[in-house]
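K.L.:
Take a look at this one; I'll ask things after.
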Amino acid sequence: MSDRESHFVALDDLTVSFDGVRVLHGINLTVSRGEALGLVGESGSGKSVTWLAALGLLPGKARIGGSASLEGVELVGASPSTLDRVRGGRIAMISQDPASALNPVISIGKQIGEALALHRGLSGTAGRAETLRLLDLVGIPDAARRVHAYPHEFSGGQNQRVMIAMALAGQPDLLVADEPTTALDVTIQAQILDLIRTIRRELGMALVLISHDLGVIAETCDRVAVMYAGRIVEEGTTGALFDDPRHPYAQGLLGSLPPLSGPRRRLVSIPGVVPDPRLLPAGCAFAPRCAKRMPACDSAVPSLAVTWPGHRVACFLEDAVGQERTRSEGVAA
Amino acid sequence: MGRFIILRVGRALITIALVVTFAFIVLRLSGDPAQNILGPEAPPEVLAAFRRAWGLDDPIWLQYLHYFGAIAQGELGRSMRDGRSAIEIVAERIPITLALTVPALVLKLGIGIPAGVYAALHRGSLTDRIVMIASVAGFTIPSFVLGLTLVLVFAVQLGWLPSGGQDSWRHAILPILTLGIGGAAILARFTRSAMLEVLGQPFIRAASAKGVPWRDVITRHALPNAAIPTVTIIGFMVGTLIAGAVVVESVFSWPGVGRLLVVAVANRDLAVVQCILLLVAATMVISNLIVDFLYGFLDPRLRSAKGHKAAGGQP
């Protein structure tokens, strides 16, 4: 498959089950070098699990199927030593709650130094100097003194800066930021996102930004994938997806946002909740909440199909509309 | 920090004073020492003279004050049996008891901690279940039952080891095993649950996500955090080094502090009993103090909380 060679990371039919309950139903997704990909969806839609599965970070009872490859090297079922080199060295992760993701009894300097020693062989004076440089880079003031401090001595925003410094320590090619600002104050959120964007620009690092904040995704990402109940339901460039969302769920997500320009309109909410993964409907998982539900939606799961180059949608509605579109475009031409 | 130390030492002294008072009350209520030591046939004038000599006919509050004053000056009284200083009598038994309890402590740590860590890392495995069943058995079986069972098997049936006495190192093996097995069981259980608690924390997954090999995640990230609750139990075990072997010493006729306590209680030898109780309270309190300071060493969050308290304590 050509995807595997040309893309930096390629997920191919990635599945995850816990205790026999499937929570991820075959994810196909690629990330190119230097690209910023947004993953949106409600809690429990499988955004985080996708990346934890790819890096082998799920608990032992998780059953993972399909493939996740990095520059053609398979990660699913890879040896611990292969995974340890990839984690932090090629793909780094920062998580939602920086305070609990840092070890409370180890000073932040040592925690950053650990990553430097693992991936760049830096220790002693060189390691110390690089630790200070990283802390400086992520905007920790008075780094020389703060390097000996412990996580509880920092604010939430500063801890997230430390996490970012730790993630950068291994000079990764891809940063997976799992809701990096959810636990932070609104004013701090903007600072952290600015920091992530700046660093990405300067280092040319790829970014996967997991978020349910569509505004943040729109500002940061080149491409967006919308997830629902363990599946990708729509994927495309940020511009196309935000201008003309095709999947009713993506339309609902965007409808629940106030428009930045144009006339004021009533915000729309999506009725109902995300289904329990043990009680998924037989057909499309979104059908019970969907305003445009058709008989076909209850009998089969729509597959993610290319609507136009670079855009994929999983909805039966799209088949009909797609044909119409092709026809009308043909007429216009 | 200075304030913290003063507070802790003050609390320790109050604890010891309460133990001393409690010992005084219980022992005075539990029978007439004169009658007990001189025997039921002693003539009344001899009993009266004995009571006068030991101050037993003073009002109870005066006895208490005398006693407390003496203790404050480091004078713990003399044995009513042979007139020797109680401290001397107790002190010569301490190394004999330590000869059992220190190796037993090593055994508890050496088996309990690795077993607990292993069980936690292999949760739900056959080994985990075996460790857990063994640990329930280990701490529900009373030490005298375990001691007698070991005697029955290794001394009576197999004839490998002596059943009691203190003549050689071989005599120490069964009492050390008896003491060690129960403690190891408790420690294994605590270590396991502390470890499981820590392994579920997000920073463990974050360490893995950083590329730290699993073995180092355990030793560098999980163990130092799991040590914090485990130290409490170890502190308690250190506190029982001197008087934690009363039952076992009795079962194996090992002439340590525990045996001395049993004999002294039976004889109403007040000075000796009080001296041992004071010693027990002091070791308990001191080991608790050490645990408190160890917490500060192991957990930087407590370290700075203390600093805050000390700094913020000034009005």
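Chains: A, B, ... in order of the structure tokens. Residues: from 1 per chain. Ligands: from 1, in order shown.
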Could you find all residues in stretch 107-209 of chain B that DSSP calls alpha helix (DSSP H) from the backbone, and write them as a PyMOL selection string?

P.N.:
chain B and resi 107-121+126-140+143-150+169-199+202-209

K.L.:
Which neighbours of stretch 177-184 of chain B fall inside 8 Å, counting only C-alpha atoms, when residues of the same chain fewer than 2 positions from it are skipped, and could you give them as a list in words?

P.N.:
Thr101, Ala104, Leu105, Leu107, Lys108, Leu109, Gly110, Ile111, Gly112, Ile113, Ser135, Gly138, Phe139, Ile141, Ser143, Leu146, Gly147, Leu150, Ile173, Leu174, Pro175, Ile186, Leu187, Ala188, Met237, Ala245 and Val248 of chain B

K.L.:
Deliver the residues from the most recent selection as a file, using N, CA and C atoms, as an mmCIF file, in the first residue's frame.

P.N.:
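The resulting file, again31.cif, is reproduced below:
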```cif
data_model
loop_
_atom_site.group_PDB
_atom_site.id
_atom_site.type_symbol
_atom_site.label_atom_id
_atom_site.label_comp_id
_atom_site.auth_asym_id
_atom_site.auth_seq_id
_atom_site.Cartn_x
_atom_site.Cartn_y
_atom_site.Cartn_z
ATOM 1 N N THR B 101 14.335 -10.395 66.509
ATOM 2 C CA THR B 101 13.471 -9.475 65.771
ATOM 3 C C THR B 101 14.171 -8.803 64.598
ATOM 4 N N ALA B 104 14.232 -11.201 61.778
ATOM 5 C CA ALA B 104 12.835 -11.350 61.341
ATOM 6 C C ALA B 104 12.417 -10.156 60.491
ATOM 7 N N LEU B 105 12.852 -8.963 60.863
ATOM 8 C CA LEU B 105 12.516 -7.764 60.088
ATOM 9 C C LEU B 105 13.130 -7.847 58.689
ATOM 10 N N LEU B 107 13.783 -10.514 57.113
ATOM 11 C CA LEU B 107 12.985 -11.520 56.409
ATOM 12 C C LEU B 107 11.678 -10.893 55.881
ATOM 13 N N LYS B 108 11.025 -10.098 56.737
ATOM 14 C CA LYS B 108 9.769 -9.449 56.327
ATOM 15 C C LYS B 108 9.993 -8.561 55.106
ATOM 16 N N LEU B 109 11.033 -7.735 55.173
ATOM 17 C CA LEU B 109 11.313 -6.818 54.064
ATOM 18 C C LEU B 109 11.734 -7.603 52.829
ATOM 19 N N GLY B 110 12.600 -8.590 53.045
ATOM 20 C CA GLY B 110 13.192 -9.331 51.927
ATOM 21 C C GLY B 110 12.176 -10.166 51.181
ATOM 22 N N ILE B 111 11.146 -10.650 51.879
ATOM 23 C CA ILE B 111 10.112 -11.446 51.205
ATOM 24 C C ILE B 111 8.909 -10.578 50.865
ATOM 25 N N GLY B 112 8.462 -9.782 51.830
ATOM 26 C CA GLY B 112 7.211 -9.041 51.675
ATOM 27 C C GLY B 112 7.224 -8.065 50.521
ATOM 28 N N ILE B 113 8.274 -7.242 50.430
ATOM 29 C CA ILE B 113 8.289 -6.198 49.405
ATOM 30 C C ILE B 113 8.397 -6.780 47.991
ATOM 31 N N SER B 135 -0.692 -14.614 51.752
ATOM 32 C CA SER B 135 -0.591 -13.478 52.659
ATOM 33 C C SER B 135 -1.794 -13.407 53.593
ATOM 34 N N GLY B 138 -0.987 -15.927 56.069
ATOM 35 C CA GLY B 138 0.130 -15.465 56.888
ATOM 36 C C GLY B 138 -0.284 -14.512 57.983
ATOM 37 N N PHE B 139 -1.250 -13.641 57.697
ATOM 38 C CA PHE B 139 -1.567 -12.741 58.796
ATOM 39 C C PHE B 139 -2.858 -13.037 59.530
ATOM 40 N N ILE B 141 -3.297 -16.357 60.645
ATOM 41 C CA ILE B 141 -2.892 -17.404 61.590
ATOM 42 C C ILE B 141 -2.163 -16.744 62.760
ATOM 43 N N SER B 143 0.375 -16.038 65.811
ATOM 44 C CA SER B 143 1.778 -16.450 65.813
ATOM 45 C C SER B 143 2.018 -17.688 66.676
ATOM 46 N N LEU B 146 1.156 -20.655 64.464
ATOM 47 C CA LEU B 146 2.199 -20.842 63.461
ATOM 48 C C LEU B 146 3.464 -21.393 64.116
ATOM 49 N N GLY B 147 3.828 -20.820 65.275
ATOM 50 C CA GLY B 147 5.029 -21.262 65.991
ATOM 51 C C GLY B 147 4.927 -22.724 66.365
ATOM 52 N N LEU B 150 5.200 -24.981 63.344
ATOM 53 C CA LEU B 150 6.587 -25.125 62.892
ATOM 54 C C LEU B 150 7.346 -26.086 63.804
ATOM 55 N N ILE B 173 16.217 -20.160 64.577
ATOM 56 C CA ILE B 173 15.602 -20.237 63.245
ATOM 57 C C ILE B 173 14.076 -20.268 63.296
ATOM 58 N N LEU B 174 13.511 -21.177 64.091
ATOM 59 C CA LEU B 174 12.049 -21.287 64.105
ATOM 60 C C LEU B 174 11.372 -20.018 64.635
ATOM 61 N N PRO B 175 11.864 -19.442 65.760
ATOM 62 C CA PRO B 175 11.209 -18.176 66.174
ATOM 63 C C PRO B 175 11.340 -17.064 65.137
ATOM 64 N N ILE B 186 1.818 -9.357 55.690
ATOM 65 C CA ILE B 186 1.194 -8.035 55.785
ATOM 66 C C ILE B 186 1.866 -7.069 54.819
ATOM 67 N N LEU B 187 3.189 -7.109 54.802
ATOM 68 C CA LEU B 187 3.944 -6.187 53.963
ATOM 69 C C LEU B 187 3.679 -6.447 52.475
ATOM 70 N N ALA B 188 3.567 -7.735 52.113
ATOM 71 C CA ALA B 188 3.297 -8.079 50.713
ATOM 72 C C ALA B 188 1.973 -7.465 50.281
ATOM 73 N N MET B 237 6.593 -1.831 62.030
ATOM 74 C CA MET B 237 7.365 -3.058 62.312
ATOM 75 C C MET B 237 8.635 -2.746 63.089
ATOM 76 N N ALA B 245 7.733 -9.579 70.281
ATOM 77 C CA ALA B 245 7.981 -11.021 70.275
ATOM 78 C C ALA B 245 7.508 -11.685 71.557
ATOM 79 N N VAL B 248 5.906 -15.132 70.762
ATOM 80 C CA VAL B 248 6.868 -16.059 70.166
ATOM 81 C C VAL B 248 7.962 -16.438 71.161
#
```

K.L.:
Go through A:Leu116, A:Leu102, A:Ala287, A:Val73 and flag the residue nearest A:Gly89, using only C-alpha atoms for the distances.

P.N.:
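Checking each candidate against A:Gly89, we get A:Leu116 as the closest.
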
K.L.:
Just how far from atom CA of A:Leu209 is atom CA of A:Ile196, in Å to one decimal?

P.N.:
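These two atoms are separated by 9.9 Å.
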
K.L.:
Quick one: pick out all strand (DSSP E) residues within stretch 51-292 of chain A from a backbone DSSP run and write them as a ChimeraX atom specification.

P.N.:
/A:62-70,73-74,91-94,174-178,206-210,223-228,231-237

K.L.:
How would the residues just chosen look if you wrote them out with N, CA and C atoms as a compact mmCIF listing (two decimals), in the first residue's frame?

P.N.:
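What follows is the written file part_14.txt:
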```txt
# COMPACT_ATOMS: atom_id res chain seq x y z
N ALA A 62 -6.35 -4.68 26.61
CA ALA A 62 -6.82 -4.15 25.35
C ALA A 62 -6.36 -5.05 24.20
N ARG A 63 -7.28 -5.38 23.29
CA ARG A 63 -6.92 -6.18 22.10
C ARG A 63 -6.85 -5.22 20.90
N ILE A 64 -5.68 -5.19 20.28
CA ILE A 64 -5.48 -4.25 19.18
C ILE A 64 -5.35 -5.01 17.88
N GLY A 65 -6.07 -4.56 16.86
CA GLY A 65 -5.98 -5.20 15.55
C GLY A 65 -5.63 -4.17 14.49
N GLY A 66 -5.37 -4.65 13.27
CA GLY A 66 -5.02 -3.76 12.19
C GLY A 66 -3.57 -3.33 12.28
N SER A 67 -3.28 -2.16 11.71
CA SER A 67 -1.89 -1.78 11.60
C SER A 67 -1.71 -0.30 11.90
N ALA A 68 -0.56 0.00 12.54
CA ALA A 68 -0.14 1.39 12.71
C ALA A 68 1.33 1.39 12.35
N SER A 69 1.69 2.12 11.30
CA SER A 69 3.09 2.06 10.89
C SER A 69 3.70 3.45 10.86
N LEU A 70 4.99 3.47 11.18
CA LEU A 70 5.75 4.70 11.16
C LEU A 70 6.86 4.54 10.14
N VAL A 73 7.41 1.08 9.25
CA VAL A 73 7.72 0.11 10.31
C VAL A 73 6.47 -0.12 11.16
N GLU A 74 6.07 -1.38 11.27
CA GLU A 74 4.84 -1.71 12.00
C GLU A 74 5.02 -1.48 13.51
N ILE A 91 7.55 9.92 18.14
CA ILE A 91 6.22 10.44 18.41
C ILE A 91 6.13 10.75 19.91
N ALA A 92 5.91 12.00 20.25
CA ALA A 92 5.78 12.35 21.66
C ALA A 92 4.33 12.69 21.94
N MET A 93 3.94 12.53 23.20
CA MET A 93 2.55 12.80 23.57
C MET A 93 2.49 13.77 24.73
N ILE A 94 1.55 14.69 24.68
CA ILE A 94 1.24 15.45 25.88
C ILE A 94 -0.24 15.27 26.16
N LEU A 174 6.67 13.92 15.43
CA LEU A 174 5.23 14.12 15.57
C LEU A 174 4.90 14.33 17.04
N LEU A 175 4.10 15.37 17.30
CA LEU A 175 3.62 15.60 18.66
C LEU A 175 2.12 15.31 18.67
N VAL A 176 1.72 14.38 19.53
CA VAL A 176 0.29 14.11 19.70
C VAL A 176 -0.15 14.85 20.95
N ALA A 177 -0.95 15.89 20.77
CA ALA A 177 -1.40 16.70 21.90
C ALA A 177 -2.85 16.35 22.19
N ASP A 178 -3.06 15.62 23.29
CA ASP A 178 -4.38 15.10 23.64
C ASP A 178 -5.10 16.10 24.54
N ALA A 206 5.36 17.55 12.94
CA ALA A 206 3.95 17.28 12.66
C ALA A 206 3.18 17.31 13.97
N LEU A 207 1.88 17.60 13.86
CA LEU A 207 1.06 17.71 15.07
C LEU A 207 -0.25 16.98 14.87
N VAL A 208 -0.63 16.18 15.88
CA VAL A 208 -2.00 15.68 15.92
C VAL A 208 -2.63 16.34 17.12
N LEU A 209 -3.63 17.17 16.88
CA LEU A 209 -4.26 17.90 17.96
C LEU A 209 -5.63 17.28 18.22
N ILE A 210 -5.74 16.63 19.40
CA ILE A 210 -7.01 16.03 19.77
C ILE A 210 -7.77 17.06 20.60
N ARG A 223 -5.70 19.82 8.38
CA ARG A 223 -6.66 18.79 8.03
C ARG A 223 -7.40 18.38 9.30
N VAL A 224 -8.64 17.93 9.14
CA VAL A 224 -9.44 17.54 10.31
C VAL A 224 -10.08 16.18 10.06
N ALA A 225 -10.12 15.36 11.10
CA ALA A 225 -10.91 14.13 11.04
C ALA A 225 -11.92 14.20 12.18
N VAL A 226 -13.18 13.95 11.84
CA VAL A 226 -14.24 13.96 12.86
C VAL A 226 -14.54 12.52 13.24
N MET A 227 -14.51 12.24 14.54
CA MET A 227 -14.75 10.86 14.98
C MET A 227 -16.07 10.78 15.73
N TYR A 228 -16.73 9.63 15.55
CA TYR A 228 -17.95 9.37 16.30
C TYR A 228 -18.03 7.88 16.63
N ARG A 231 -15.36 5.58 15.15
CA ARG A 231 -15.12 5.59 13.70
C ARG A 231 -14.86 7.01 13.25
N ILE A 232 -14.12 7.12 12.13
CA ILE A 232 -14.01 8.43 11.50
C ILE A 232 -15.23 8.60 10.61
N VAL A 233 -15.97 9.72 10.78
CA VAL A 233 -17.17 9.89 9.96
C VAL A 233 -16.95 10.90 8.85
N GLU A 234 -15.95 11.78 9.04
CA GLU A 234 -15.65 12.71 7.95
C GLU A 234 -14.22 13.18 8.10
N GLU A 235 -13.56 13.36 6.96
CA GLU A 235 -12.18 13.81 7.02
C GLU A 235 -11.91 14.68 5.80
N GLY A 236 -11.21 15.79 6.02
CA GLY A 236 -10.89 16.64 4.89
C GLY A 236 -10.03 17.80 5.32
N THR A 237 -9.75 18.69 4.37
CA THR A 237 -8.97 19.87 4.74
C THR A 237 -9.82 20.73 5.66
```

K.L.:
Rank B:Ala222, B:Ile233, B:Val19, B:Leu29 by their smallest atom-to-atom distance to chain A, using only C-alpha atoms, and report the top residue only.

P.N.:
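Smallest distance to chain A is found for B:Ala222.
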